[in-house]
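Chemist: You'll find work.txt just under this line, and it carries compact mmCIF, C-alpha atoms and all ligand atoms.
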# COMPACT_ATOMS: atom_id res chain seq x y z
CA MET R 311 -17.61 -22.05 -4.73
CA ALA R 312 -20.93 -23.45 -3.49
CA ASP R 313 -21.51 -25.26 -0.17
CA SER R 314 -21.10 -28.67 -1.76
CA ALA R 315 -17.68 -27.67 -2.97
CA GLN R 316 -16.19 -26.77 0.43
CA ALA R 317 -13.13 -28.80 -0.39
CA GLN R 318 -12.75 -27.22 -3.82
CA LYS R 319 -9.31 -25.81 -4.37
CA LEU R 320 -9.25 -22.22 -5.56
CA VAL R 321 -7.08 -20.32 -8.00
CA TYR R 322 -5.88 -16.94 -6.73
CA LEU R 323 -4.18 -14.24 -8.77
CA VAL R 324 -2.10 -11.55 -7.07
CA THR R 325 -1.15 -8.65 -9.32
CA GLY R 326 1.94 -6.77 -8.18
CA GLY R 327 2.81 -9.95 -6.29
CA CYS R 328 6.52 -9.16 -6.26
CA GLY R 329 6.16 -5.72 -4.67
CA PHE R 330 6.61 -4.77 -1.02
CA LEU R 331 2.99 -5.55 -0.09
CA GLY R 332 2.42 -8.11 -2.85
CA GLU R 333 5.17 -10.42 -1.62
CA HIS R 334 3.63 -10.45 1.87
CA VAL R 335 0.19 -11.19 0.36
CA VAL R 336 1.66 -14.08 -1.65
CA ARG R 337 3.43 -15.57 1.37
CA MET R 338 0.38 -15.03 3.59
CA LEU R 339 -1.88 -16.83 1.12
CA LEU R 340 0.49 -19.78 1.03
CA GLN R 341 0.60 -19.93 4.83
CA ARG R 342 -2.99 -19.13 5.73
CA GLU R 343 -5.39 -19.95 2.88
CA PRO R 344 -6.34 -23.61 3.20
CA ARG R 345 -8.46 -23.60 0.02
CA LEU R 346 -5.57 -22.38 -2.14
CA GLY R 347 -4.97 -24.72 -5.08
CA GLU R 348 -2.99 -22.50 -7.41
CA LEU R 349 -1.38 -19.14 -6.84
CA ARG R 350 -0.64 -16.95 -9.84
CA VAL R 351 1.82 -14.16 -9.22
CA PHE R 352 1.61 -11.44 -11.85
CA ASP R 353 4.17 -8.65 -11.96
CA ARG R 354 6.17 -6.59 -14.39
CA HIS R 355 9.31 -7.63 -12.54
CA LEU R 356 9.39 -11.12 -11.09
CA GLY R 357 11.45 -11.67 -7.93
CA PRO R 358 13.98 -14.54 -7.73
CA TRP R 359 12.48 -15.56 -4.36
CA LEU R 360 9.46 -16.94 -6.24
CA GLU R 361 11.53 -19.97 -7.27
CA GLU R 362 11.73 -21.29 -3.71
CA LEU R 363 7.91 -21.16 -3.44
CA LYS R 364 7.48 -23.42 -6.44
CA THR R 365 8.70 -26.45 -4.50
CA GLY R 366 5.79 -26.35 -2.02
CA PRO R 367 2.46 -28.22 -2.15
CA VAL R 368 0.56 -25.36 -3.82
CA ARG R 369 1.16 -24.72 -7.49
CA VAL R 370 2.78 -21.29 -7.83
CA THR R 371 2.72 -19.79 -11.32
CA ALA R 372 4.90 -16.75 -11.99
CA ILE R 373 3.56 -14.54 -14.76
CA GLN R 374 5.63 -11.68 -16.06
CA GLY R 375 3.17 -9.14 -17.40
CA ASP R 376 2.00 -5.57 -17.48
CA VAL R 377 -1.38 -4.49 -16.12
CA THR R 378 -1.60 -1.86 -18.83
CA GLU R 379 -1.72 -4.64 -21.44
CA ALA R 380 -5.33 -5.83 -21.45
CA HIS R 381 -4.58 -9.13 -23.20
CA GLU R 382 -1.85 -10.05 -20.71
CA VAL R 383 -4.17 -9.35 -17.81
CA ALA R 384 -7.04 -11.32 -19.37
CA ALA R 385 -4.78 -14.33 -19.93
CA ALA R 386 -3.62 -14.25 -16.32
CA VAL R 387 -7.14 -13.79 -14.90
CA ALA R 388 -8.78 -16.54 -17.00
CA GLY R 389 -9.77 -19.39 -14.69
CA ALA R 390 -8.96 -17.57 -11.45
CA HIS R 391 -11.58 -17.53 -8.70
CA VAL R 392 -10.21 -14.53 -6.85
CA VAL R 393 -8.05 -11.57 -7.88
CA ILE R 394 -6.11 -9.48 -5.38
CA HIS R 395 -5.02 -6.40 -7.29
CA THR R 396 -2.08 -4.76 -5.52
CA ALA R 397 -0.09 -3.72 -8.60
CA GLY R 398 0.40 -0.01 -8.81
CA LEU R 399 2.85 2.73 -9.50
CA VAL R 400 3.62 4.24 -6.09
CA ASP R 401 5.26 7.51 -6.97
CA VAL R 402 4.91 10.73 -5.03
CA PHE R 403 8.43 11.90 -5.89
CA GLY R 404 8.02 12.79 -9.55
CA ARG R 405 9.96 9.82 -10.91
CA ALA R 406 7.24 8.85 -13.40
CA SER R 407 5.08 11.12 -15.53
CA PRO R 408 1.45 11.78 -14.49
CA GLU R 409 0.38 9.97 -17.68
CA THR R 410 2.30 6.83 -16.73
CA ILE R 411 0.90 6.87 -13.19
CA HIS R 412 -2.61 7.17 -14.63
CA GLU R 413 -1.98 4.44 -17.18
CA VAL R 414 -0.76 1.91 -14.60
CA ASN R 415 -3.07 2.75 -11.71
CA VAL R 416 -6.30 3.61 -13.56
CA GLN R 417 -6.13 1.84 -16.92
CA GLY R 418 -4.40 -1.12 -15.26
CA THR R 419 -7.28 -1.42 -12.80
CA ARG R 420 -9.82 -1.05 -15.59
CA ASN R 421 -8.08 -3.92 -17.40
CA VAL R 422 -8.29 -6.09 -14.29
CA ILE R 423 -12.02 -5.39 -13.90
CA GLU R 424 -12.75 -6.07 -17.57
CA ALA R 425 -10.71 -9.27 -17.43
CA CYS R 426 -12.81 -10.47 -14.47
CA VAL R 427 -16.02 -9.67 -16.37
CA GLN R 428 -14.87 -11.34 -19.59
CA THR R 429 -13.46 -14.48 -18.02
CA GLY R 430 -16.04 -15.00 -15.26
CA THR R 431 -13.91 -14.25 -12.20
CA GLN R 432 -16.25 -13.21 -9.45
CA PHE R 433 -14.17 -11.86 -6.57
CA LEU R 434 -11.88 -8.83 -6.68
CA VAL R 435 -10.02 -7.20 -3.79
CA TYR R 436 -8.34 -3.91 -4.66
CA THR R 437 -5.47 -2.30 -2.75
CA SER R 438 -6.48 1.31 -2.53
CA SER R 439 -4.83 3.84 -0.20
CA MET R 440 -5.57 6.33 2.58
CA GLU R 441 -4.49 8.84 -0.05
CA VAL R 442 -7.85 8.55 -1.82
CA VAL R 443 -9.21 10.45 1.16
CA GLY R 444 -6.34 12.66 2.20
CA PRO R 445 -4.52 14.54 3.51
CA ASN R 446 -6.16 17.12 1.31
CA THR R 447 -4.44 20.07 -0.31
CA LYS R 448 -5.87 22.38 2.38
CA GLY R 449 -3.98 20.56 5.13
CA HIS R 450 -7.13 19.65 7.09
CA PRO R 451 -6.38 17.07 9.79
CA PHE R 452 -8.09 13.68 9.64
CA TYR R 453 -7.91 12.69 13.29
CA ARG R 454 -8.77 9.09 14.19
CA GLY R 455 -11.30 9.06 11.37
CA ASN R 456 -13.18 6.10 9.94
CA GLU R 457 -14.75 5.09 6.62
CA ASP R 458 -17.78 7.31 7.31
CA THR R 459 -15.93 10.41 8.50
CA LEU R 460 -16.81 13.44 6.41
CA TYR R 461 -13.69 14.93 4.91
CA GLU R 462 -13.10 17.24 1.99
CA ALA R 463 -11.04 15.00 -0.29
CA VAL R 464 -9.27 17.30 -2.75
CA HIS R 465 -6.63 15.70 -4.96
CA ARG R 466 -4.17 17.38 -7.29
CA HIS R 467 -1.18 15.09 -7.22
CA PRO R 468 -1.25 12.35 -9.90
CA TYR R 469 -0.79 9.48 -7.41
CA PRO R 470 -3.80 10.13 -5.11
CA CYS R 471 -5.87 11.20 -8.14
CA SER R 472 -5.13 7.88 -9.81
CA LYS R 473 -5.83 5.82 -6.69
CA ALA R 474 -9.14 7.63 -6.13
CA LEU R 475 -10.23 7.06 -9.74
CA ALA R 476 -9.21 3.41 -9.66
CA GLU R 477 -10.98 2.83 -6.36
CA ARG R 478 -14.16 4.32 -7.82
CA LEU R 479 -13.93 2.00 -10.84
CA VAL R 480 -13.59 -1.01 -8.56
CA LEU R 481 -16.52 -0.05 -6.35
CA GLU R 482 -18.74 0.82 -9.30
CA ALA R 483 -17.96 -2.55 -10.87
CA ASN R 484 -19.49 -4.35 -7.89
CA GLY R 485 -22.60 -6.20 -9.07
CA ARG R 486 -21.65 -6.27 -12.76
CA GLU R 487 -22.49 -9.53 -14.43
CA VAL R 488 -19.43 -11.61 -15.21
CA HIS R 489 -19.15 -14.26 -17.92
CA GLY R 490 -21.43 -17.08 -16.82
CA GLY R 491 -24.05 -14.77 -15.36
CA LEU R 492 -22.91 -14.34 -11.75
CA PRO R 493 -22.32 -10.92 -10.17
CA LEU R 494 -18.85 -9.47 -9.64
CA VAL R 495 -18.14 -8.80 -5.95
CA THR R 496 -15.52 -6.15 -5.19
CA CYS R 497 -14.12 -4.29 -2.23
CA ALA R 498 -11.25 -1.87 -1.65
CA LEU R 499 -8.75 -1.84 1.21
CA ARG R 500 -7.14 1.46 2.14
CA PRO R 501 -3.81 1.09 3.91
CA THR R 502 -2.30 4.07 5.70
CA GLY R 503 1.51 4.26 5.46
CA ILE R 504 2.68 0.63 5.32
CA TYR R 505 5.87 -0.37 7.16
CA GLY R 506 7.69 -3.64 7.74
CA GLU R 507 10.11 -6.00 6.03
CA GLY R 508 10.79 -4.70 2.52
CA HIS R 509 9.96 -1.04 3.21
CA GLN R 510 12.47 0.74 1.01
CA ILE R 511 11.96 4.28 2.35
CA MET R 512 12.65 3.05 5.89
CA ARG R 513 15.86 1.42 4.66
CA ASP R 514 16.82 4.66 2.89
CA PHE R 515 16.29 6.69 6.09
CA TYR R 516 18.46 4.18 7.94
CA ARG R 517 21.28 4.43 5.43
CA GLN R 518 21.03 8.21 5.40
CA GLY R 519 21.28 8.23 9.21
CA LEU R 520 24.35 6.01 9.07
CA ARG R 521 25.95 8.36 6.55
CA LEU R 522 25.28 11.28 8.91
CA GLY R 523 27.12 9.55 11.74
CA GLY R 524 24.01 8.11 13.41
CA TRP R 525 21.94 11.30 13.48
CA LEU R 526 18.64 12.22 11.89
CA PHE R 527 17.22 15.71 12.25
CA ARG R 528 13.61 16.37 13.14
CA ALA R 529 11.73 18.18 10.38
CA ILE R 530 8.09 17.72 11.39
CA PRO R 531 6.52 18.62 14.76
CA ALA R 532 6.01 15.59 17.02
CA SER R 533 2.34 16.59 17.43
CA VAL R 534 1.48 15.68 13.81
CA GLU R 535 0.08 12.12 13.83
CA HIS R 536 0.61 9.89 10.82
CA GLY R 537 -1.27 6.61 10.35
CA ARG R 538 0.92 3.52 9.91
CA VAL R 539 0.10 -0.14 9.58
CA TYR R 540 2.28 -3.25 9.55
CA VAL R 541 2.64 -4.97 6.17
CA GLY R 542 1.88 -8.42 7.61
CA ASN R 543 -1.44 -7.17 8.93
CA VAL R 544 -2.27 -5.45 5.63
CA ALA R 545 -1.53 -8.73 3.84
CA TRP R 546 -3.65 -10.67 6.33
CA MET R 547 -6.52 -8.26 5.78
CA HIS R 548 -6.32 -8.88 2.02
CA VAL R 549 -6.37 -12.64 2.52
CA LEU R 550 -9.34 -12.48 4.88
CA ALA R 551 -11.28 -10.05 2.71
CA ALA R 552 -10.70 -12.25 -0.35
CA ARG R 553 -11.82 -15.32 1.57
CA GLU R 554 -14.96 -13.74 3.00
CA LEU R 555 -16.12 -11.87 -0.12
CA GLU R 556 -18.08 -14.89 -1.29
CA ARG R 557 -19.85 -15.67 1.99
CA ARG R 558 -20.57 -12.04 2.82
CA ALA R 559 -21.04 -10.66 -0.67
CA ALA R 560 -24.12 -8.62 0.22
CA LEU R 561 -22.39 -6.94 3.15
CA MET R 562 -18.88 -6.50 1.74
CA GLY R 563 -19.56 -5.89 -1.96
CA GLY R 564 -18.78 -2.33 -2.98
CA GLN R 565 -17.34 -1.44 0.44
CA VAL R 566 -14.12 0.29 1.47
CA TYR R 567 -12.07 -0.63 4.53
CA PHE R 568 -9.20 1.26 6.10
CA CYS R 569 -6.32 -1.02 7.08
CA TYR R 570 -5.48 -0.77 10.78
CA ASP R 571 -3.73 -2.57 13.59
CA GLY R 572 -2.22 -1.83 16.99
CA SER R 573 0.59 0.39 15.70
CA PRO R 574 0.82 3.54 17.84
CA TYR R 575 -0.25 6.99 16.69
CA LYS R 576 2.89 9.06 16.24
CA SER R 577 4.51 11.53 13.88
CA TYR R 578 6.12 10.02 10.78
CA GLU R 579 9.62 10.56 12.15
CA ASP R 580 8.91 9.43 15.73
CA PHE R 581 7.29 6.30 14.38
CA ASN R 582 10.33 5.54 12.22
CA MET R 583 12.50 5.97 15.31
CA GLU R 584 10.71 2.98 16.88
CA PHE R 585 12.84 0.93 14.46
CA LEU R 586 15.77 3.18 13.68
CA GLY R 587 16.43 3.93 17.39
CA PRO R 588 17.17 0.28 18.24
CA CYS R 589 19.38 0.20 15.12
CA GLY R 590 21.55 2.89 16.67
CA LEU R 591 20.19 6.13 15.18
CA GLN R 592 19.14 9.22 17.10
CA LEU R 593 16.58 11.86 16.16
CA VAL R 594 17.94 15.28 17.04
CA GLY R 595 15.58 17.94 18.38
CA ALA R 596 12.39 17.89 20.40
CA ARG R 597 11.15 20.42 17.85
CA PRO R 598 11.90 20.79 14.13
CA LEU R 599 15.36 22.24 13.61
CA LEU R 600 14.25 24.36 10.66
CA PRO R 601 11.24 26.67 10.66
CA TYR R 602 8.36 25.33 8.55
CA TRP R 603 8.68 28.09 5.97
CA VAL R 604 12.26 27.00 5.26
CA LEU R 605 11.01 23.46 4.52
CA VAL R 606 8.30 24.90 2.28
CA PHE R 607 10.97 26.88 0.47
CA LEU R 608 13.28 23.84 0.11
CA ALA R 609 10.41 21.68 -1.10
CA ALA R 610 9.49 24.29 -3.72
CA LEU R 611 13.15 24.58 -4.72
CA ASN R 612 13.34 20.81 -5.18
CA ALA R 613 10.25 20.93 -7.38
CA LEU R 614 11.76 23.70 -9.47
CA LEU R 615 15.08 21.86 -9.80
CA GLN R 616 13.25 18.70 -10.79
CA TRP R 617 11.48 20.57 -13.55
CA LEU R 618 14.63 22.39 -14.76
CA LEU R 619 16.83 19.29 -14.72
CA ARG R 620 14.27 16.93 -16.22
CA PRO R 621 15.70 17.10 -19.76
CA LEU R 622 19.13 16.17 -18.39
CA VAL R 623 18.72 14.01 -15.31
CA LEU R 624 16.01 12.67 -13.00
CA TYR R 625 16.13 14.65 -9.76
CA ALA R 626 13.58 13.15 -7.37
CA PRO R 627 14.39 13.82 -3.69
CA LEU R 628 12.09 12.74 -0.85
CA LEU R 629 11.18 16.32 0.00
CA ASN R 630 8.76 18.06 -2.33
CA PRO R 631 5.63 20.15 -1.71
CA TYR R 632 3.40 17.08 -1.78
CA THR R 633 5.42 14.84 0.56
CA LEU R 634 5.90 17.78 2.93
CA ALA R 635 2.14 18.34 3.01
CA VAL R 636 1.44 14.65 3.65
CA ALA R 637 4.10 14.35 6.35
CA SER R 638 2.97 17.53 8.12
CA THR R 639 -0.79 16.92 8.17
CA THR R 640 -2.36 14.68 10.79
CA PHE R 641 -4.00 11.64 9.20
CA THR R 642 -4.92 8.73 11.46
CA VAL R 643 -7.70 6.17 11.40
CA SER R 644 -9.66 4.53 14.18
CA THR R 645 -12.19 1.99 12.97
CA ASP R 646 -13.40 -1.55 13.45
CA LYS R 647 -15.29 -1.91 10.16
CA ALA R 648 -13.09 -4.75 8.90
CA GLN R 649 -13.62 -6.59 12.17
CA ARG R 650 -17.41 -6.14 11.96
CA HIS R 651 -17.70 -7.04 8.28
CA PHE R 652 -15.25 -9.89 7.87
CA GLY R 653 -13.86 -10.75 11.26
CA TYR R 654 -10.45 -9.13 10.82
CA GLU R 655 -8.18 -9.02 13.86
CA PRO R 656 -4.53 -8.05 13.43
CA LEU R 657 -2.40 -11.17 13.13
CA PHE R 658 0.72 -9.42 14.42
CA SER R 659 0.84 -7.43 17.66
CA TRP R 660 2.62 -4.10 17.70
CA GLU R 661 5.55 -5.66 19.59
CA ASP R 662 5.86 -8.41 17.00
CA SER R 663 5.57 -5.98 14.08
CA ARG R 664 8.21 -3.77 15.65
CA THR R 665 10.65 -6.60 16.28
CA ARG R 666 10.27 -8.01 12.77
CA THR R 667 10.82 -4.57 11.25
CA ILE R 668 13.88 -3.84 13.38
CA LEU R 669 15.48 -7.14 12.37
CA TRP R 670 14.82 -6.38 8.73
CA VAL R 671 16.20 -2.80 8.93
CA GLN R 672 19.37 -4.10 10.59
CA ALA R 673 19.88 -6.73 7.89
CA ALA R 674 18.84 -4.55 4.94
CA GLY R 675 20.79 -1.49 6.09
CA SER R 676 24.07 -3.34 6.10
CA SER R 677 23.56 -5.26 2.86
CA ALA R 678 23.01 -4.19 -0.72
CA GLN R 679 19.44 -5.63 -0.58
N1 LIG R 701 3.55 1.58 0.41
C1 LIG R 701 2.55 2.17 1.04
O1 LIG R 701 2.74 2.78 2.10
C2 LIG R 701 1.17 2.08 0.50
C3 LIG R 701 0.88 1.41 -0.69
N2 LIG R 701 -0.42 1.35 -1.12
C4 LIG R 701 -0.79 0.62 -2.34
O2 LIG R 701 -0.36 -0.72 -2.18
C5 LIG R 701 -0.03 -1.29 -3.44
C6 LIG R 701 1.34 -1.92 -3.36
O3 LIG R 701 2.26 -0.90 -3.01
P1 LIG R 701 3.76 -1.24 -2.60
O4 LIG R 701 3.90 -2.68 -2.36
O5 LIG R 701 4.16 -0.29 -1.56
O6 LIG R 701 4.50 -0.83 -3.93
P2 LIG R 701 5.62 -1.61 -4.75
O7 LIG R 701 6.13 -0.65 -5.76
O8 LIG R 701 6.60 -2.24 -3.84
O9 LIG R 701 4.79 -2.76 -5.45
C7 LIG R 701 4.03 -2.56 -6.58
C8 LIG R 701 4.26 -3.74 -7.50
O10 LIG R 701 3.47 -3.52 -8.67
C9 LIG R 701 4.27 -3.85 -9.80
N3 LIG R 701 3.86 -3.08 -10.95
C10 LIG R 701 4.01 -1.76 -11.15
N4 LIG R 701 3.56 -1.43 -12.36
C11 LIG R 701 3.11 -2.57 -12.93
C12 LIG R 701 2.54 -2.87 -14.18
N5 LIG R 701 2.36 -1.93 -15.11
N6 LIG R 701 2.19 -4.14 -14.43
C13 LIG R 701 2.40 -5.12 -13.52
N7 LIG R 701 2.94 -4.89 -12.33
C14 LIG R 701 3.30 -3.63 -12.03
C15 LIG R 701 5.68 -3.49 -9.40
O11 LIG R 701 6.63 -4.19 -10.21
C16 LIG R 701 5.71 -3.88 -7.94
O12 LIG R 701 6.17 -5.19 -7.79
C17 LIG R 701 -0.11 -0.17 -4.46
O13 LIG R 701 -1.32 -0.29 -5.17
C18 LIG R 701 -0.13 1.11 -3.61
O14 LIG R 701 -0.84 2.13 -4.22
C19 LIG R 701 -1.44 1.91 -0.42
C20 LIG R 701 -1.19 2.58 0.73
C21 LIG R 701 0.12 2.72 1.28
C1 LIG R 702 11.33 15.31 6.13
C2 LIG R 702 10.40 14.95 5.04
C3 LIG R 702 9.31 15.97 4.98
C4 LIG R 702 9.85 13.57 5.31
C5 LIG R 702 9.35 12.96 4.05
C6 LIG R 702 8.59 11.69 4.35
C7 LIG R 702 7.79 11.27 3.14
C8 LIG R 702 8.71 10.71 2.11
C9 LIG R 702 6.71 10.27 3.56
C10 LIG R 702 5.79 10.88 4.63
C11 LIG R 702 4.41 10.27 4.44
C12 LIG R 702 4.62 9.21 3.38
C13 LIG R 702 3.40 8.76 2.57
C14 LIG R 702 2.27 8.27 3.44
O1 LIG R 702 2.73 7.24 4.30
C15 LIG R 702 1.09 7.80 2.67
C16 LIG R 702 1.37 7.01 1.46
C17 LIG R 702 0.39 6.20 0.96
C18 LIG R 702 0.52 5.55 -0.27
O2 LIG R 702 -0.45 5.02 -0.80
C19 LIG R 702 1.82 5.53 -0.97
C20 LIG R 702 2.95 6.02 -0.14
C21 LIG R 702 2.60 7.26 0.68
C22 LIG R 702 2.26 8.39 -0.29
C23 LIG R 702 3.81 7.64 1.58
C24 LIG R 702 5.01 8.10 0.73
C25 LIG R 702 6.16 8.68 1.55
C26 LIG R 702 5.71 9.80 2.48
C27 LIG R 702 5.23 10.98 1.68
Go ahead and render the structure in this file as structure tokens.

Modeler:
Amino acid sequence: MADSAQAQKLVYLVTGGCGFLGEHVVRMLLQREPRLGELRVFDRHLGPWLEELKTGPVRVTAIQGDVTEAHEVAAAVAGAHVVIHTAGLVDVFGRASPETIHEVNVQGTRNVIEACVQTGTQFLVYTSSMEVVGPNTKGHPFYRGNEDTLYEAVHRHPYPCSKALAERLVLEANGREVHGGLPLVTCALRPTGIYGEGHQIMRDFYRQGLRLGGWLFRAIPASVEHGRVYVGNVAWMHVLAARELERRAALMGGQVYFCYDGSPYKSYEDFNMEFLGPCGLQLVGARPLLPYWVLVFLAALNALLQWLLRPLVLYAPLLNPYTLAVASTTFTVSTDKAQRHFGYEPLFSWEDSRTRTILWVQAAGSSAQ
């Protein structure tokens, strides 16, 4: 990827390329990366939509594989110039065991790093999460913070623990010598709560509202701000970061970047209503209908039931002590680091992001998608 090879076509690998974010990264690369020569999409479950991409000018290679299998990862990485590692087990509901979450998120990331080192792939962008910072278990607010804001990051839940460990591995790997003698250049992107087309929890809230006759009931005070970012902008940030890692290796290598855009600061529920409202739902109550201690009790009861029922059935409701703590603690970012370091500007305005999401909720809510 030297100056003389400006026209060189590059091979990109996207792990988790069939997930909610991964699919947007894949489509964004195809639309906006002029140097793309081959796109490898690696996922445990390949989506049927990949077939339609194979007819375009860029070679799209679908690879069914598991990031926990080092040899499968190494085979997929071999010959790639850039890896965008989005694959992960996103589970804060207790569906998977802590061991499985660790295996996929930490060992999987270790496998990706080692594959880059062994095969000589020099550029790695990792999808981290706001959760590597917080909210912490003490419920301290993180109000319009940035990458340098001091915050007591205390993790107990397996998901944020795994993302924090994996992020550290990626950052520590920056500068390692890869096969061929060049240095590995890595960075980590930390999205806040991602929304947009394909957001399953949003679809679930919509369906639940429809079942309740069009009503949703406020659980969290409107004053609690929750950071959200549109999936198209998160994808765009990945594409830009991957593109600029080579040119700005000294500046970007080993750095973390929060993902941000023009989405407004609101509570989790009020933000969701930006989409669910136009789809005909109403949020009842200016204040939470239940006192907070009742929610704490219900969340604890859900956790107990999950544990008791585990031998018989998987009981994994949205409300548990961890999700309640995340939803009821202010966590918002305000930063321009990605703009300063690699020229990121959101590709989609808030109005555009909102419209696209509303159209998707309407379509997804009424189909079996
Ligand atoms: N959804 C959100 O709000 C946020 C997500 N993130 C991170 O973004 C990344 C993508 O998340 P989403 O798209 O929301 O999740 P997702 O569950 O929709 O996508 C993850 C993809 O990874 C694949 N995958 C899981 N285990 C795998 C394995 N062992 N081997 C190969 N592929 C595997 C899944 O099949 C899936 O296609 C994750 O790393 C997550 O931690 C970060 C912040 C917020
Ligand atoms: C009435 C209930 C208390 C409402 C429950 C909402 C929760 C299911 C969601 C509230 C906040 C979400 C999390 C947040 O957006 C940050 C995240 C980052 C990630 O990396 C993965 C997803 C998530 C943990 C996200 C999950 C759902 C919530 C807990």

Chemist: Neighbourhood query: residues within 12 Å of (-12.5, -8.3, 13.1), file coordinates, counting all atoms listed in the file; return as a ChimeraX atom specification.

Modeler: /R:543,546-547,550-551,554,567,569-571,645-657

Chemist: Dump the neighbourhood of ligand LIG 701 (chain R) as a ChimeraX atom specification: all residues within 7 Å, distances computed on all atoms listed in the file.

Modeler: /R:325-332,352-355,375-378,396-400,414,418,437-440,473,500-505

Chemist: Name the closest residue to ligand LIG 702 (chain R) among the candidates R:Val387, R:Ala529, R:Cys471, R:Val606; distances are taken between atoms, counting only C-alpha atoms and all ligand atoms.

Modeler: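 Of R:Val387, R:Ala529, R:Cys471, R:Val606, the one nearest ligand LIG 702 (chain R), counting only C-alpha atoms and all ligand atoms, is R:Ala529.
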
Chemist: Neighbours of ligand LIG 702 (chain R) within 9 Å, counting all atoms listed in the file, as a VMD selection string?

Modeler: chain R and resid 400 to 403 438 to 442 444 to 445 469 to 470 473 500 to 505 511 527 to 530 536 to 538 578 to 579 605 609 627 to 638

Chemist: Print the selection's residues with C-alpha atoms to a file, as a short mmCIF file (atom, residue, chain, number, x, y, z; two decimals), in the coordinates of the input.

Modeler:
data_model
loop_
_atom_site.label_atom_id
_atom_site.label_comp_id
_atom_site.auth_asym_id
_atom_site.auth_seq_id
_atom_site.Cartn_x
_atom_site.Cartn_y
_atom_site.Cartn_z
CA VAL R 400 3.62 4.24 -6.09
CA ASP R 401 5.26 7.51 -6.97
CA VAL R 402 4.91 10.73 -5.03
CA PHE R 403 8.43 11.90 -5.89
CA SER R 438 -6.48 1.31 -2.53
CA SER R 439 -4.83 3.84 -0.20
CA MET R 440 -5.57 6.33 2.58
CA GLU R 441 -4.49 8.84 -0.05
CA VAL R 442 -7.85 8.55 -1.82
CA GLY R 444 -6.34 12.66 2.20
CA PRO R 445 -4.52 14.54 3.51
CA TYR R 469 -0.79 9.48 -7.41
CA PRO R 470 -3.80 10.13 -5.11
CA LYS R 473 -5.83 5.82 -6.69
CA ARG R 500 -7.14 1.46 2.14
CA PRO R 501 -3.81 1.09 3.91
CA THR R 502 -2.30 4.07 5.70
CA GLY R 503 1.51 4.26 5.46
CA ILE R 504 2.68 0.63 5.32
CA TYR R 505 5.87 -0.37 7.16
CA ILE R 511 11.96 4.28 2.35
CA PHE R 527 17.22 15.71 12.25
CA ARG R 528 13.61 16.37 13.14
CA ALA R 529 11.73 18.18 10.38
CA ILE R 530 8.09 17.72 11.39
CA HIS R 536 0.61 9.89 10.82
CA GLY R 537 -1.27 6.61 10.35
CA ARG R 538 0.92 3.52 9.91
CA TYR R 578 6.12 10.02 10.78
CA GLU R 579 9.62 10.56 12.15
CA LEU R 605 11.01 23.46 4.52
CA ALA R 609 10.41 21.68 -1.10
CA PRO R 627 14.39 13.82 -3.69
CA LEU R 628 12.09 12.74 -0.85
CA LEU R 629 11.18 16.32 0.00
CA ASN R 630 8.76 18.06 -2.33
CA PRO R 631 5.63 20.15 -1.71
CA TYR R 632 3.40 17.08 -1.78
CA THR R 633 5.42 14.84 0.56
CA LEU R 634 5.90 17.78 2.93
CA ALA R 635 2.14 18.34 3.01
CA VAL R 636 1.44 14.65 3.65
CA ALA R 637 4.10 14.35 6.35
CA SER R 638 2.97 17.53 8.12
#

Chemist: Would you mind reading off the distance between CA of Leu479 in chain R and CA of Val416 in chain R, one decimal, in Å?

Modeler: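 Distance between the two atoms: 8.3 Å.
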
Chemist: Between CA of Glu482 in chain R and CA of Thr459 in chain R, measure the distance and give it in Å to one decimal.

Modeler: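 Value for the CA of Glu482 in chain R-CA of Thr459 in chain R distance: 20.4 Å.
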
Chemist: For the point (-9.5, -9.1, -6.2) in file coordinates, what residues are within 7 Å, counting all atoms listed in the file? Give the answer as a PyMOL selection string?

Modeler: chain R and resi 392-395+433-436+496+552

Chemist: Which distance in Å separates CA of Lys364 in chain R and CA of Arg666 in chain R, to one decimal?

Modeler: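 Taking CA of Lys364 in chain R as the start and CA of Arg666 in chain R as the end point, the length is 24.8 Å.
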
Chemist: Got a sec: who's within 10 Å of Leu615 in chain R, counting all atoms listed in the file, leaving out chain neighbours fewer than 6 positions off, as a PyMOL selection string?

Modeler: chain R and resi 609+624-626

Chemist: Taking 2 positions as the minimum chain separation for residues in the same chain, which residues sit within 9 Å of Leu340 in chain R when counting all atoms listed in the file? Answer as number ranges by chain.

Modeler: R: 335-338, 342-344, 346, 349, 363, 366, 368

Chemist: Looking at R:Arg620, R:His391, R:Cys589, R:Pro601, which one is nearest to Glu556 in chain R, with distances taken over only C-alpha atoms?

Modeler: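 Closest residue, counting only C-alpha atoms: R:His391.
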
Chemist: Do a neighbour search on range 356-358 of chain R at 8 Å with only C-alpha atoms, toss out local chain neighbours closer than 6 positions, and write the hits as a ChimeraX atom specification.

Modeler: /R:328,372-374

Chemist: Which neighbours of Gln518 in chain R fall inside 12 Å, counting all atoms listed in the file, when residues of the same chain fewer than 3 positions from it are skipped, and could you give them as number ranges by chain?

Modeler: R: 511-515, 521-527, 586, 591-592, 628, 675-676

Chemist: Go through R:Ala545, R:Ala390, R:Leu492, R:Val539 one by one, measure the shortest atom-to-atom distance of each to Thr642 in chain R using all atoms listed in the file, and give the residue with the smallest value.

Modeler: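 Looking at the shortest contact to Thr642 in chain R, the residue is R:Val539.
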
Chemist: Out of R:Val443, R:Val541, R:Leu611, R:Val370, which residue has the shortest atom-to-atom distance to Val643 in chain R when counting all atoms listed in the file?

Modeler: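 Result for the nearest residue to Val643 in chain R: R:Val443.
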